[in-house]
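This is run_22.cif. It holds mmCIF, C-alpha atoms.
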data_start
loop_
_atom_site.label_atom_id
_atom_site.label_comp_id
_atom_site.auth_asym_id
_atom_site.auth_seq_id
_atom_site.Cartn_x
_atom_site.Cartn_y
_atom_site.Cartn_z
CA MET J 1 76.18 113.26 99.63
CA HIS J 2 77.06 110.32 101.83
CA THR J 3 80.17 110.75 103.90
CA VAL J 4 82.59 107.90 104.38
CA ALA J 5 83.91 106.52 107.65
CA LYS J 6 86.11 103.89 109.22
CA LEU J 7 84.80 101.65 111.98
CA ILE J 8 87.33 100.12 114.39
CA ASP J 9 85.97 97.22 116.39
CA THR J 10 88.64 97.08 119.09
CA THR J 11 87.30 93.73 120.34
CA LEU J 12 88.42 92.10 117.08
CA CYS J 13 91.91 93.61 116.83
CA ILE J 14 94.66 91.03 117.31
CA GLY J 15 97.50 93.56 117.06
CA CYS J 16 98.92 92.06 113.85
CA LYS J 17 99.84 95.54 112.54
CA ALA J 18 98.96 94.71 108.93
CA CYS J 19 97.22 98.11 108.78
CA GLU J 20 100.45 99.84 109.78
CA VAL J 21 102.35 98.08 107.00
CA ALA J 22 99.62 98.72 104.43
CA CYS J 23 99.62 102.41 105.38
CA GLN J 24 103.38 102.73 105.03
CA THR J 25 103.41 100.83 101.74
CA TRP J 26 100.54 102.71 100.14
CA ASN J 27 101.96 106.08 101.15
CA ASP J 28 105.49 105.09 100.07
CA GLN J 29 106.97 105.80 103.47
CA GLU J 30 110.18 104.42 104.81
CA PHE J 31 110.11 102.14 107.81
CA THR J 32 111.80 103.69 110.79
CA LEU J 33 113.77 101.43 113.06
CA GLY J 34 112.83 102.05 116.67
CA THR J 35 114.33 100.87 119.92
CA PHE J 36 112.82 98.14 122.05
CA ASP J 37 111.32 99.67 125.16
CA GLY J 38 109.48 96.68 126.56
CA SER J 39 106.34 97.11 124.49
CA TYR J 40 105.11 95.21 121.47
CA GLN J 41 104.06 98.51 119.90
CA THR J 42 105.83 99.32 116.63
CA LEU J 43 106.82 102.82 117.71
CA PRO J 44 105.99 104.71 120.91
CA ASP J 45 104.13 107.43 119.02
CA LEU J 46 102.98 108.67 115.63
CA ALA J 47 105.60 110.35 113.43
CA PRO J 48 105.58 112.60 110.34
CA ASN J 49 106.18 109.46 108.27
CA PHE J 50 104.11 107.08 110.41
CA TRP J 51 100.41 107.91 110.46
CA ASN J 52 98.79 104.83 111.89
CA LEU J 53 99.81 103.22 115.16
CA ILE J 54 98.30 100.23 116.89
CA LYS J 55 98.54 101.00 120.58
CA PHE J 56 99.09 98.03 122.85
CA ASN J 57 97.46 99.57 125.92
CA GLU J 58 98.38 97.46 128.92
CA PHE J 59 95.50 96.78 131.23
CA GLU J 60 95.00 94.65 134.31
CA ARG J 61 92.01 92.38 134.33
CA GLY J 62 91.49 89.90 137.17
CA GLY J 63 95.09 90.28 138.29
CA LYS J 64 96.37 89.38 134.82
CA LEU J 65 97.88 91.67 132.26
CA SER J 66 95.97 92.05 129.03
CA TRP J 67 96.08 94.33 126.05
CA LEU J 68 93.48 96.78 124.92
CA MET J 69 94.31 97.29 121.28
CA SER J 70 93.47 100.62 119.76
CA LYS J 71 94.21 102.13 116.41
CA TYR J 72 95.67 105.61 116.73
CA GLN J 73 95.36 107.86 113.69
CA CYS J 74 93.53 110.97 112.48
CA MET J 75 89.88 110.85 113.58
CA HIS J 76 88.59 112.96 110.67
CA CYS J 77 86.34 115.03 112.92
CA VAL J 78 83.09 116.46 111.67
CA ASP J 79 84.24 119.74 113.28
CA PRO J 80 88.03 119.56 112.80
CA GLY J 81 90.08 121.56 115.29
CA CYS J 82 93.08 121.52 112.94
CA LEU J 83 91.07 123.20 110.21
CA ARG J 84 89.78 125.81 112.66
CA ALA J 85 93.32 126.62 113.75
CA CYS J 86 94.95 126.62 110.31
CA PRO J 87 95.86 130.12 109.08
CA ALA J 88 97.02 129.04 105.60
CA PRO J 89 94.17 128.99 103.07
CA GLY J 90 93.82 125.62 101.40
CA ALA J 91 96.39 123.85 103.55
CA ILE J 92 93.73 121.83 105.34
CA VAL J 93 90.67 120.89 103.34
CA HIS J 94 87.46 119.28 104.50
CA LEU J 95 86.44 117.09 101.58
CA LYS J 96 82.79 116.55 100.78
CA ASN J 97 83.04 112.91 101.75
CA GLY J 98 84.02 113.96 105.28
CA ILE J 99 87.76 113.43 105.03
CA VAL J 100 90.03 116.07 106.55
CA ASP J 101 93.00 116.23 104.22
CA PHE J 102 96.25 118.20 104.31
CA ASN J 103 97.42 119.87 101.11
CA HIS J 104 101.16 120.17 101.62
CA ASP J 105 101.64 122.65 98.77
CA ASN J 106 99.80 125.20 100.89
CA CYS J 107 101.09 124.17 104.32
CA ILE J 108 103.32 126.83 105.87
CA GLY J 109 104.47 124.60 108.70
CA CYS J 110 103.29 126.86 111.52
CA GLY J 111 102.06 123.86 113.51
CA TYR J 112 98.88 125.58 114.73
CA CYS J 113 96.88 122.50 113.66
CA ILE J 114 98.82 120.50 116.25
CA THR J 115 97.51 122.87 118.92
CA GLY J 116 94.02 122.71 117.48
CA CYS J 117 93.83 118.92 117.33
CA PRO J 118 92.09 117.45 120.40
CA PHE J 119 93.49 114.00 119.59
CA ASP J 120 97.15 115.10 119.20
CA VAL J 121 97.54 113.58 115.74
CA PRO J 122 99.37 115.93 113.29
CA ARG J 123 103.15 115.69 113.33
CA LEU J 124 105.55 118.39 112.10
CA SER J 125 108.41 117.09 109.98
CA PRO J 126 111.74 118.66 110.94
CA THR J 127 113.07 118.12 107.40
CA THR J 128 110.23 119.38 105.21
CA LYS J 129 108.79 121.77 107.85
CA LYS J 130 105.30 120.61 106.96
CA VAL J 131 102.70 118.75 108.97
CA TYR J 132 101.61 115.20 108.17
CA LYS J 133 98.83 112.85 109.20
CA CYS J 134 96.49 110.12 107.95
CA SER J 135 94.48 111.21 104.90
CA LEU J 136 92.02 108.30 105.16
CA CYS J 137 93.57 107.49 101.76
CA SER J 138 91.78 110.43 100.13
CA ASP J 139 93.28 109.37 96.80
CA ARG J 140 91.73 105.91 97.08
CA THR J 141 88.38 106.99 98.50
CA ALA J 142 88.08 109.66 95.77
CA VAL J 143 87.81 106.89 93.18
CA GLY J 144 85.67 104.57 95.29
CA LEU J 145 88.39 102.38 96.78
CA GLU J 146 88.63 101.63 100.48
CA PRO J 147 91.60 102.96 102.51
CA ALA J 148 94.68 100.72 102.48
CA CYS J 149 94.53 99.86 106.19
CA ILE J 150 90.90 98.76 105.99
CA LYS J 151 91.43 96.64 102.92
CA THR J 152 94.26 94.67 104.46
CA CYS J 153 92.75 94.01 107.93
CA PRO J 154 92.60 90.19 108.23
CA THR J 155 90.21 90.03 111.20
CA ASN J 156 87.47 92.32 109.89
CA CYS J 157 88.21 94.64 112.80
CA LEU J 158 88.27 97.59 110.39
CA THR J 159 85.32 98.37 108.17
CA PHE J 160 84.80 101.02 105.53
CA GLY J 161 81.46 102.42 104.40
CA THR J 162 79.15 105.37 104.65
CA ARG J 163 79.07 107.00 108.06
CA GLU J 164 75.36 106.22 108.48
CA ASP J 165 75.87 102.53 107.74
CA LEU J 166 78.85 102.25 110.04
CA LEU J 167 77.09 104.05 112.90
CA GLU J 168 74.33 101.48 112.51
CA LYS J 169 76.84 98.65 112.39
CA ALA J 170 78.59 100.00 115.49
CA GLN J 171 75.26 100.04 117.35
CA SER J 172 74.36 96.49 116.34
CA ARG J 173 77.83 95.25 117.23
CA THR J 174 77.51 96.95 120.62
CA ALA J 175 74.16 95.22 121.17
CA GLU J 176 75.76 91.91 120.18
CA LEU J 177 78.62 92.42 122.64
CA GLN J 178 76.20 93.38 125.40
CA ALA J 179 74.13 90.28 124.72
CA ASP J 180 77.38 88.29 125.03
CA GLY J 181 77.93 89.72 128.51
CA VAL J 182 80.15 92.71 127.71
CA ALA J 183 77.79 95.09 129.47
CA ALA J 184 80.05 98.16 129.21
CA ALA J 185 80.43 97.92 125.42
CA GLY J 186 79.69 101.09 123.51
CA VAL J 187 80.44 103.33 120.55
CA TYR J 188 83.09 106.06 120.62
CA ASN J 189 81.89 108.94 118.47
CA PRO J 190 82.70 112.03 120.58
CA ALA J 191 80.14 114.82 120.36
CA GLY J 192 82.66 117.51 121.40
CA VAL J 193 84.07 117.57 117.87
CA GLY J 194 80.70 117.03 116.20
CA GLY J 195 81.33 113.31 115.88
CA THR J 196 84.14 111.67 113.95
CA HIS J 197 84.55 109.80 110.69
CA VAL J 198 86.64 107.25 112.56
CA LEU J 199 84.33 105.34 114.89
CA TYR J 200 85.25 102.86 117.58
CA VAL J 201 83.44 100.01 119.27
CA LEU J 202 84.97 99.76 122.74
CA ALA J 203 84.50 96.90 125.18
CA ASN J 204 84.47 99.45 127.98
CA ALA J 205 83.03 102.63 126.54
CA ALA J 206 82.86 104.26 129.96
CA ARG J 207 86.65 104.43 130.09
CA PRO J 208 88.01 105.50 126.68
CA GLU J 209 91.22 106.60 128.47
CA ASP J 210 92.14 102.93 128.80
CA TYR J 211 92.34 102.86 125.02
CA GLY J 212 94.38 106.05 124.86
CA LEU J 213 91.37 108.02 123.65
CA PRO J 214 90.35 111.34 125.26
CA ARG J 215 87.12 111.10 127.23
CA ASP J 216 85.53 114.29 125.99
CA PRO J 217 87.63 115.90 123.25
CA SER J 218 86.83 119.37 121.99
CA VAL J 219 88.54 122.08 120.00
CA PRO J 220 90.61 124.21 122.45
CA LEU J 221 88.92 127.43 123.60
CA ALA J 222 91.87 129.55 122.48
CA VAL J 223 91.51 128.25 118.92
CA ARG J 224 87.74 128.80 118.97
CA LEU J 225 88.17 132.38 120.23
CA TRP J 226 91.06 133.20 117.97
CA LYS J 227 89.42 131.99 114.80
CA GLY J 228 85.95 133.16 115.91
CA PRO J 229 85.13 136.39 117.81
CA VAL J 230 88.72 137.67 118.02
CA LYS J 231 89.19 137.27 114.30
CA TRP J 232 86.03 139.23 113.50
CA LEU J 233 86.90 141.88 116.07
CA GLY J 234 90.33 142.23 114.51
CA SER J 235 88.83 142.47 111.05
CA LEU J 236 86.44 145.15 112.29
CA VAL J 237 89.31 147.19 113.76
CA VAL J 238 91.26 147.04 110.51
CA ALA J 239 88.21 147.83 108.41
CA GLY J 240 87.43 150.75 110.76
CA GLY J 241 90.99 152.03 110.39
CA ILE J 242 90.81 151.93 106.61
CA LEU J 243 87.39 153.54 106.60
CA GLY J 244 88.60 156.22 109.02
CA ALA J 245 91.61 156.94 106.83
CA PHE J 246 89.36 157.20 103.79
CA PHE J 247 86.96 159.66 105.44
CA HIS J 248 89.87 161.60 106.90
CA TYR J 249 91.17 161.98 103.34
CA VAL J 250 87.73 163.02 102.07
CA ARG J 251 87.26 165.55 104.89
CA TYR J 252 90.79 166.99 105.16
CA GLY J 253 92.42 166.04 101.88
CA PRO J 254 96.01 164.91 101.40
CA LYS J 255 98.70 165.73 103.91
CA LYS J 256 100.00 169.24 103.38
CA GLU J 257 103.65 169.89 103.88
CA HIS J 258 104.44 172.90 106.00
CA ALA J 259 106.25 175.59 104.11
CA ASP J 260 109.00 175.72 106.78
CA ALA J 261 109.63 171.99 106.62
CA GLU J 262 112.37 172.50 104.11
CA MET D 1 103.36 163.92 94.40
CA ASP D 2 105.35 160.71 94.46
CA GLY D 3 104.96 160.50 98.20
CA GLN D 4 101.20 160.67 97.95
CA MET D 5 101.03 157.90 95.38
CA ASN D 6 103.20 155.69 97.47
CA ARG D 7 101.11 156.33 100.53
CA ARG D 8 97.95 155.47 98.63
CA GLY D 9 99.55 152.36 97.23
CA PHE D 10 100.71 151.40 100.67
CA LEU D 11 97.23 151.84 102.10
CA GLY D 12 95.70 149.74 99.37
CA SER D 13 98.17 146.93 99.65
CA SER D 14 98.04 146.87 103.43
CA ALA D 15 94.24 146.71 103.27
CA ALA D 16 94.46 143.74 100.90
CA LEU D 17 97.04 142.11 103.13
CA ALA D 18 94.90 142.63 106.21
CA ALA D 19 91.85 141.27 104.42
CA THR D 20 93.71 138.14 103.40
CA ALA D 21 95.26 137.56 106.78
CA LEU D 22 92.05 138.17 108.70
CA GLY D 23 89.74 135.93 106.82
CA PHE D 24 88.29 137.90 103.91
CA ASP D 25 90.06 135.63 101.47
CA LEU D 26 87.48 134.46 98.98
CA ARG D 27 89.73 132.09 97.05
CA PRO D 28 88.09 128.67 97.22
CA ALA D 29 89.97 126.12 99.25
CA ALA D 30 91.67 123.92 96.69
CA ALA D 31 89.99 120.57 97.19
CA MET D 32 92.62 118.59 95.39
CA VAL D 33 93.48 115.05 96.33
CA ARG D 34 96.57 113.14 95.41
CA GLU D 35 96.48 111.28 92.10
CA LEU D 36 95.75 107.58 92.54
CA LYS D 37 99.10 105.95 91.91
CA ILE D 38 97.58 102.72 90.59
CA SER D 39 94.93 104.18 88.31
CA ARG D 40 96.49 103.01 85.03
CA THR D 41 98.92 100.34 86.12
CA THR D 42 98.99 96.80 84.77
CA GLN D 43 97.42 94.44 87.29
CA THR D 44 98.83 90.94 87.64
CA GLN D 45 97.36 88.36 89.99
CA SER D 46 99.76 86.31 92.01
CA VAL D 47 100.04 84.37 95.25
CA CYS D 48 101.76 85.55 98.41
CA PRO D 49 104.97 83.52 98.88
CA TYR D 50 104.91 83.27 102.65
CA CYS D 51 102.70 80.88 104.62
CA ALA D 52 100.41 78.05 103.64
CA VAL D 53 97.22 80.12 103.51
CA GLY D 54 98.10 81.16 99.97
CA CYS D 55 96.52 84.61 99.83
CA SER D 56 96.06 86.10 96.38
CA VAL D 57 97.65 89.43 95.65
CA VAL D 58 97.45 91.95 92.82
CA ILE D 59 100.78 93.28 91.61
CA HIS D 60 100.61 96.74 90.08
CA THR D 61 103.32 97.52 87.53
CA LEU D 62 104.13 100.67 85.60
CA GLY D 63 102.81 100.97 82.09
CA ASP D 64 100.28 99.03 80.04
CA LYS D 65 102.68 96.35 78.70
CA ALA D 66 103.44 98.50 75.64
CA HIS D 67 106.61 97.59 73.79
CA ASN D 68 108.62 100.58 74.93
CA VAL D 69 107.83 100.30 78.63
CA LYS D 70 110.15 98.86 81.20
CA PRO D 71 107.69 97.67 83.84
CA ALA D 72 108.43 98.20 87.51
CA ILE D 73 106.39 97.18 90.51
CA VAL D 74 104.79 100.19 92.15
CA HIS D 75 102.35 98.53 94.52
CA ILE D 76 101.13 95.15 95.77
CA GLU D 77 97.90 94.60 97.65
CA GLY D 78 95.37 91.85 98.34
CA ASP D 79 93.16 90.46 95.60
CA PRO D 80 89.50 91.02 96.51
CA ALA D 81 88.43 88.36 93.99
CA SER D 82 90.18 85.62 95.96
CA PRO D 83 87.87 83.52 98.15
CA ILE D 84 90.85 82.82 100.41
CA ASN D 85 91.65 86.32 101.59
CA ARG D 86 89.13 88.60 99.84
CA GLY D 87 91.64 91.42 99.59
CA THR D 88 93.06 91.17 103.09
CA LEU D 89 96.71 90.53 103.86
CA CYS D 90 98.70 90.01 107.04
CA PRO D 91 101.62 92.37 107.83
CA LYS D 92 104.07 90.13 105.99
CA GLY D 93 101.86 89.94 102.93
CA ALA D 94 101.19 93.65 103.09
CA SER D 95 104.94 94.32 102.84
CA LEU D 96 105.43 92.25 99.68
CA LYS D 97 106.57 95.21 97.60
CA GLU D 98 109.58 95.68 99.85
CA PHE D 99 110.25 91.94 99.61
CA VAL D 100 110.17 91.91 95.82
CA LEU D 101 112.21 95.09 95.42
CA SER D 102 114.68 94.35 98.21
CA ASP D 103 118.31 94.78 97.20
CA ARG D 104 119.10 91.70 99.26
CA ARG D 105 116.75 89.49 97.25
CA LEU D 106 118.24 86.39 95.60
CA THR D 107 118.03 86.74 91.84
CA ARG D 108 120.36 83.92 90.78
CA PRO D 109 121.27 80.47 92.09
CA LEU D 110 124.07 80.19 94.64
CA HIS D 111 126.16 77.11 95.38
CA ARG D 112 127.75 76.19 98.65
CA ALA D 113 130.24 73.43 98.01
CA PRO D 114 130.50 70.60 100.58
CA GLY D 115 132.68 71.73 103.47
CA SER D 116 132.65 75.34 102.36
CA SER D 117 131.20 78.22 104.32
CA GLN D 118 130.86 80.43 101.25
CA TRP D 119 128.03 80.77 98.79
CA THR D 120 129.27 81.29 95.24
CA PRO D 121 127.15 82.36 92.25
CA ILE D 122 126.46 79.61 89.74
CA GLU D 123 124.80 79.70 86.32
CA TRP D 124 121.28 78.28 86.01
CA ASP D 125 122.47 75.73 83.42
CA ASP D 126 125.27 74.53 85.68
CA ALA D 127 122.95 74.41 88.67
CA LEU D 128 120.28 72.38 86.86
CA THR D 129 122.85 70.04 85.33
CA ARG D 130 124.43 69.46 88.73
CA MET D 131 121.06 68.85 90.39
CA ALA D 132 120.06 66.39 87.66
CA ARG D 133 123.41 64.62 87.95
CA LEU D 134 123.15 64.26 91.73
CA ILE D 135 119.54 63.08 91.60
CA LYS D 136 120.40 60.53 88.94
CA ASP D 137 123.44 59.28 90.88
CA SER D 138 121.45 59.07 94.09
CA ARG D 139 118.64 57.24 92.32
CA ASP D 140 121.08 54.77 90.74
CA ARG D 141 122.39 53.99 94.21
CA GLY D 142 119.16 54.00 96.18
CA PHE D 143 116.47 52.77 93.80
CA VAL D 144 114.57 49.74 95.06
CA ALA D 145 112.79 47.82 92.32
CA ALA D 146 111.35 45.07 94.50
CA ASP D 147 110.93 44.55 98.23
CA SER D 148 112.25 41.62 100.26
CA GLN D 149 109.25 39.49 99.27
CA GLY D 150 109.83 40.13 95.59
CA ARG D 151 106.93 42.54 95.09
CA THR D 152 107.53 45.42 92.67
CA VAL D 153 107.76 48.73 94.55
CA ASN D 154 109.95 50.93 92.28
CA SER D 155 110.62 53.27 95.18
CA LEU D 156 113.32 55.81 95.89
CA ALA D 157 113.69 56.73 99.55
CA THR D 158 117.04 58.54 99.33
CA VAL D 159 115.73 61.61 97.52
CA GLY D 160 113.05 63.85 98.97
CA MET D 161 110.74 66.39 97.43
CA ILE D 162 109.23 69.48 98.97
CA GLY D 163 106.34 71.52 97.62
CA GLY D 164 105.24 75.04 98.47
CA CYS D 165 101.94 76.65 99.26
CA THR D 166 102.23 78.99 96.32
CA ASP D 167 102.66 76.23 93.76
CA THR D 168 99.87 76.36 91.23
CA ASN D 169 97.86 73.35 90.06
CA GLU D 170 100.09 73.16 87.02
CA VAL D 171 103.28 73.21 89.06
CA ASN D 172 101.86 70.55 91.37
CA TYR D 173 100.90 68.40 88.40
CA LEU D 174 104.46 68.56 87.09
CA LEU D 175 105.91 67.92 90.56
CA GLY D 176 103.66 64.88 90.82
CA LYS D 177 104.83 63.63 87.43
CA LEU D 178 108.46 64.03 88.48
CA ARG D 179 107.88 62.43 91.83
CA PHE D 180 106.06 59.34 90.57
CA GLY D 181 108.40 59.08 87.60
CA LEU D 182 111.40 58.82 89.92
CA GLY D 183 109.57 56.80 92.58
CA ILE D 184 110.29 59.35 95.32
CA VAL D 185 108.75 58.41 98.67
CA PRO D 186 109.64 61.32 101.05
CA TYR D 187 107.21 64.04 100.08
CA GLU D 188 106.61 67.12 102.17
CA ASN D 189 104.93 70.44 101.91
CA GLN D 190 106.11 73.82 103.09
CA ALA D 191 102.71 74.24 104.72
CA ARG D 192 103.75 71.93 107.54
CA LEU D 193 107.10 73.53 108.20
#

Let's see the structure in the file written out as structure tokens.
Amino acid sequence: MHTVAKLIDTTLCIGCKACEVACQTWNDQEFTLGTFDGSYQTLPDLAPNFWNLIKFNEFERGGKLSWLMSKYQCMHCVDPGCLRACPAPGAIVHLKNGIVDFNHDNCIGCGYCITGCPFDVPRLSPTTKKVYKCSLCSDRTAVGLEPACIKTCPTNCLTFGTREDLLEKAQSRTAELQADGVAAAGVYNPAGVGGTHVLYVLANAARPEDYGLPRDPSVPLAVRLWKGPVKWLGSLVVAGGILGAFFHYVRYGPKKEHADAE
Amino acid sequence: MDGQMNRRGFLGSSAALAATALGFDLRPAAAMVRELKISRTTQTQSVCPYCAVGCSVVIHTLGDKAHNVKPAIVHIEGDPASPINRGTLCPKGASLKEFVLSDRRLTRPLHRAPGSSQWTPIEWDDALTRMARLIKDSRDRGFVAADSQGRTVNSLATVGMIGGCTDTNEVNYLLGKLRFGLGIVPYENQARL
């Protein structure tokens, strides 16, 4: 089965924030009034009811201030750290089309996924005590529609398609940019999480930090250990205990009360 | 005897609990996605009311237009069939649902009398009658049938007309009829505002 992806060509983003509005509207989320802190960004950070933020990264180029626009949302990792960390069965599901979706009926609100996420995306709601993030419009993509943010994008900065096609498109766009003199252009598809279903074309791929993206994200070691070797070791100990109890019962029988106990 | 049974039951349940907590849970992860909220809505094509680009939108309303349904707008997004925007919308266009459903939206004509600072509600009939009266009066005063050299001009320069980017061909046809019928000269479009 082909997996779906979103390609973000940061060189085409004009910071219009139509994707933010489309996301809020499609997901029936209230607009939160923020405070002006000197930035054109809608809000300083993601929120439980705000899953898609256009970051206006300020950057100096030739002594002049310029913006490096980047779209900040769930990256839908091929190897999702949130899913690795999640202890509640069925709360985080990895759909066949590659989307990492949260099922809030099963979410217990422990917030471990926040620790497991190398991109710091999930947000815990203080009112519902559940964790929220971009679902890549799993309801729309399930029936063959494109995600709301991608549909609305007026500059063709966002593209939706199969991951293979978009990886190809990202490569050809990179080649185009390099031919135009943007030598440092490149694709952001970090290998540390097995690649992502949200791909970026960056004008300066050598410095993803300038776009607010981690250089080499990976699932934290503690999460890997805890849900890997430690989990199996723990299971072994418990199984051994049960087995031991069983054989103890077989060998020695039930506990006998001493006659003088009463 | 009771004690033994309880102990056995306790062992069994704690084993099951441990198995679940430590990863032996074989229940399949429920791969359920949210129901598409526009799967059976009525789709109506319309035009975004904001700027002069005139992007097409699709308005999704509850129900299938059956007699017993009170339709309500549940979603608005770009119309992919439009050659103008091909489904895309700017942030203002993307927020159209909030615009349509806003509790501050004007739903009836308001009148601000000359010299007044207050808007007062007015009935459509009264508003249209008053507008027609004022246009007629203004035309009676300002109509020029012939210019200084005696040439027929039939022009009216004291009344202006303004069109909007979302006016359809039919609306524009009627506006043209009205304009040429009255001889109106000042003619402007919202697109240039």

Cut-off 6 Å: closest chain J/chain D atom pairs per residue, using only C-alpha atoms, as a Markdown table:
| residue | atom | partner | partner_atom | distance |
| --- | --- | --- | --- | --- |
| J:Lys17 | CA | D:Pro91 | CA | 5.9 |
| J:Ala18 | CA | D:Pro91 | CA | 3.7 |
| J:Val21 | CA | D:Pro91 | CA | 5.8 |
| J:Ala22 | CA | D:Ala94 | CA | 5.5 |
| J:Gly90 | CA | D:Ala29 | CA | 4.4 |
| J:Asp139 | CA | D:Arg34 | CA | 5.2 |
| J:Lys151 | CA | D:Thr88 | CA | 5.7 |
| J:Thr152 | CA | D:Thr88 | CA | 3.9 |
| J:Cys153 | CA | D:Thr88 | CA | 5.6 |
| J:Pro154 | CA | D:Thr88 | CA | 5.3 |
| J:Ser235 | CA | D:Leu22 | CA | 5.9 |

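Note that CA of Pro214 in chain J and CA of Pro118 in chain J are 8.0 Å apart.
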
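With CA of Gly161 in chain J on one side and CA of Tyr211 in chain J on the other, the separation reads 23.3 Å.
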
Find the spatial neighbours of Ala72 in chain D, counting all atoms listed in the file, within a cut-off of 10 Å - ignore same-chain residues fewer than 4 positions away - and output them as a PDB file with C-alpha atoms, in the frame of the given file.
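After the write, part-v3.pdb holds the following:
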ATOM      1  CA  THR D  41      98.920 100.340  86.120  1.00  0.00           C
ATOM      2  CA  THR D  42      98.990  96.800  84.770  1.00  0.00           C
ATOM      3  CA  ILE D  59     100.780  93.280  91.610  1.00  0.00           C
ATOM      4  CA  HIS D  60     100.610  96.740  90.080  1.00  0.00           C
ATOM      5  CA  THR D  61     103.320  97.520  87.530  1.00  0.00           C
ATOM      6  CA  LEU D  62     104.130 100.670  85.600  1.00  0.00           C
ATOM      7  CA  GLY D  63     102.810 100.970  82.090  1.00  0.00           C
ATOM      8  CA  LEU D 101     112.210  95.090  95.420  1.00  0.00           C
TER       9      LEU D 101
END

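The spacing separating CA of Thr42 in chain J from CA of Trp67 in chain J amounts to 14.4 Å.
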
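If you count all atoms listed in the file and ignore residues fewer than 2 places along the chain from Leu12 in chain J, what sits within 10 Å of it is J:Ile8, J:Asp9, J:Thr10, J:Ile14, J:Gly15, J:Met69, J:Pro154, J:Thr155, J:Asn156, J:Cys157, J:Leu158, J:Val201.
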
Taking the block above, write range 158-197 of chain J with C-alpha atoms as an mmCIF file, in the first residue's frame.
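Printed below is decode_29.cif as written:
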data_model
loop_
_atom_site.group_PDB
_atom_site.id
_atom_site.type_symbol
_atom_site.label_atom_id
_atom_site.label_comp_id
_atom_site.auth_asym_id
_atom_site.auth_seq_id
_atom_site.Cartn_x
_atom_site.Cartn_y
_atom_site.Cartn_z
ATOM 1 C CA LEU J 158 2.146 22.417 0.436
ATOM 2 C CA THR J 159 1.621 19.300 -1.633
ATOM 3 C CA PHE J 160 -0.161 16.061 -0.876
ATOM 4 C CA GLY J 161 0.527 12.708 -2.510
ATOM 5 C CA THR J 162 2.142 9.351 -2.018
ATOM 6 C CA ARG J 163 5.385 9.458 -0.086
ATOM 7 C CA GLU J 164 7.346 8.066 -3.051
ATOM 8 C CA ASP J 165 6.022 10.750 -5.403
ATOM 9 C CA LEU J 166 6.670 13.538 -2.951
ATOM 10 C CA LEU J 167 10.205 12.354 -2.192
ATOM 11 C CA GLU J 168 10.808 12.487 -5.931
ATOM 12 C CA LYS J 169 9.229 15.916 -6.163
ATOM 13 C CA ALA J 170 11.336 17.145 -3.239
ATOM 14 C CA GLN J 171 14.482 15.948 -5.015
ATOM 15 C CA SER J 172 13.579 17.605 -8.309
ATOM 16 C CA ARG J 173 12.643 20.837 -6.539
ATOM 17 C CA THR J 174 15.993 20.738 -4.724
ATOM 18 C CA ALA J 175 17.782 20.298 -8.050
ATOM 19 C CA GLU J 176 15.789 23.221 -9.461
ATOM 20 C CA LEU J 177 16.731 25.440 -6.514
ATOM 21 C CA GLN J 178 20.384 24.438 -6.806
ATOM 22 C CA ALA J 179 20.343 25.247 -10.509
ATOM 23 C CA ASP J 180 18.904 28.653 -9.555
ATOM 24 C CA GLY J 181 21.902 29.289 -7.302
ATOM 25 C CA VAL J 182 20.542 28.077 -3.952
ATOM 26 C CA ALA J 183 23.451 25.696 -3.494
ATOM 27 C CA ALA J 184 22.568 24.663 0.070
ATOM 28 C CA ALA J 185 19.023 23.577 -0.814
ATOM 29 C CA GLY J 186 18.044 20.112 0.340
ATOM 30 C CA VAL J 187 15.357 17.764 1.601
ATOM 31 C CA TYR J 188 14.550 17.323 5.295
ATOM 32 C CA ASN J 189 13.540 13.720 5.877
ATOM 33 C CA PRO J 190 15.408 12.768 9.077
ATOM 34 C CA ALA J 191 16.704 9.204 9.164
ATOM 35 C CA GLY J 192 16.806 9.096 12.984
ATOM 36 C CA VAL J 193 13.050 8.478 13.080
ATOM 37 C CA GLY J 194 13.044 6.299 9.962
ATOM 38 C CA GLY J 195 12.025 9.231 7.787
ATOM 39 C CA THR J 196 8.850 11.263 8.095
ATOM 40 C CA HIS J 197 5.561 11.576 6.265
#
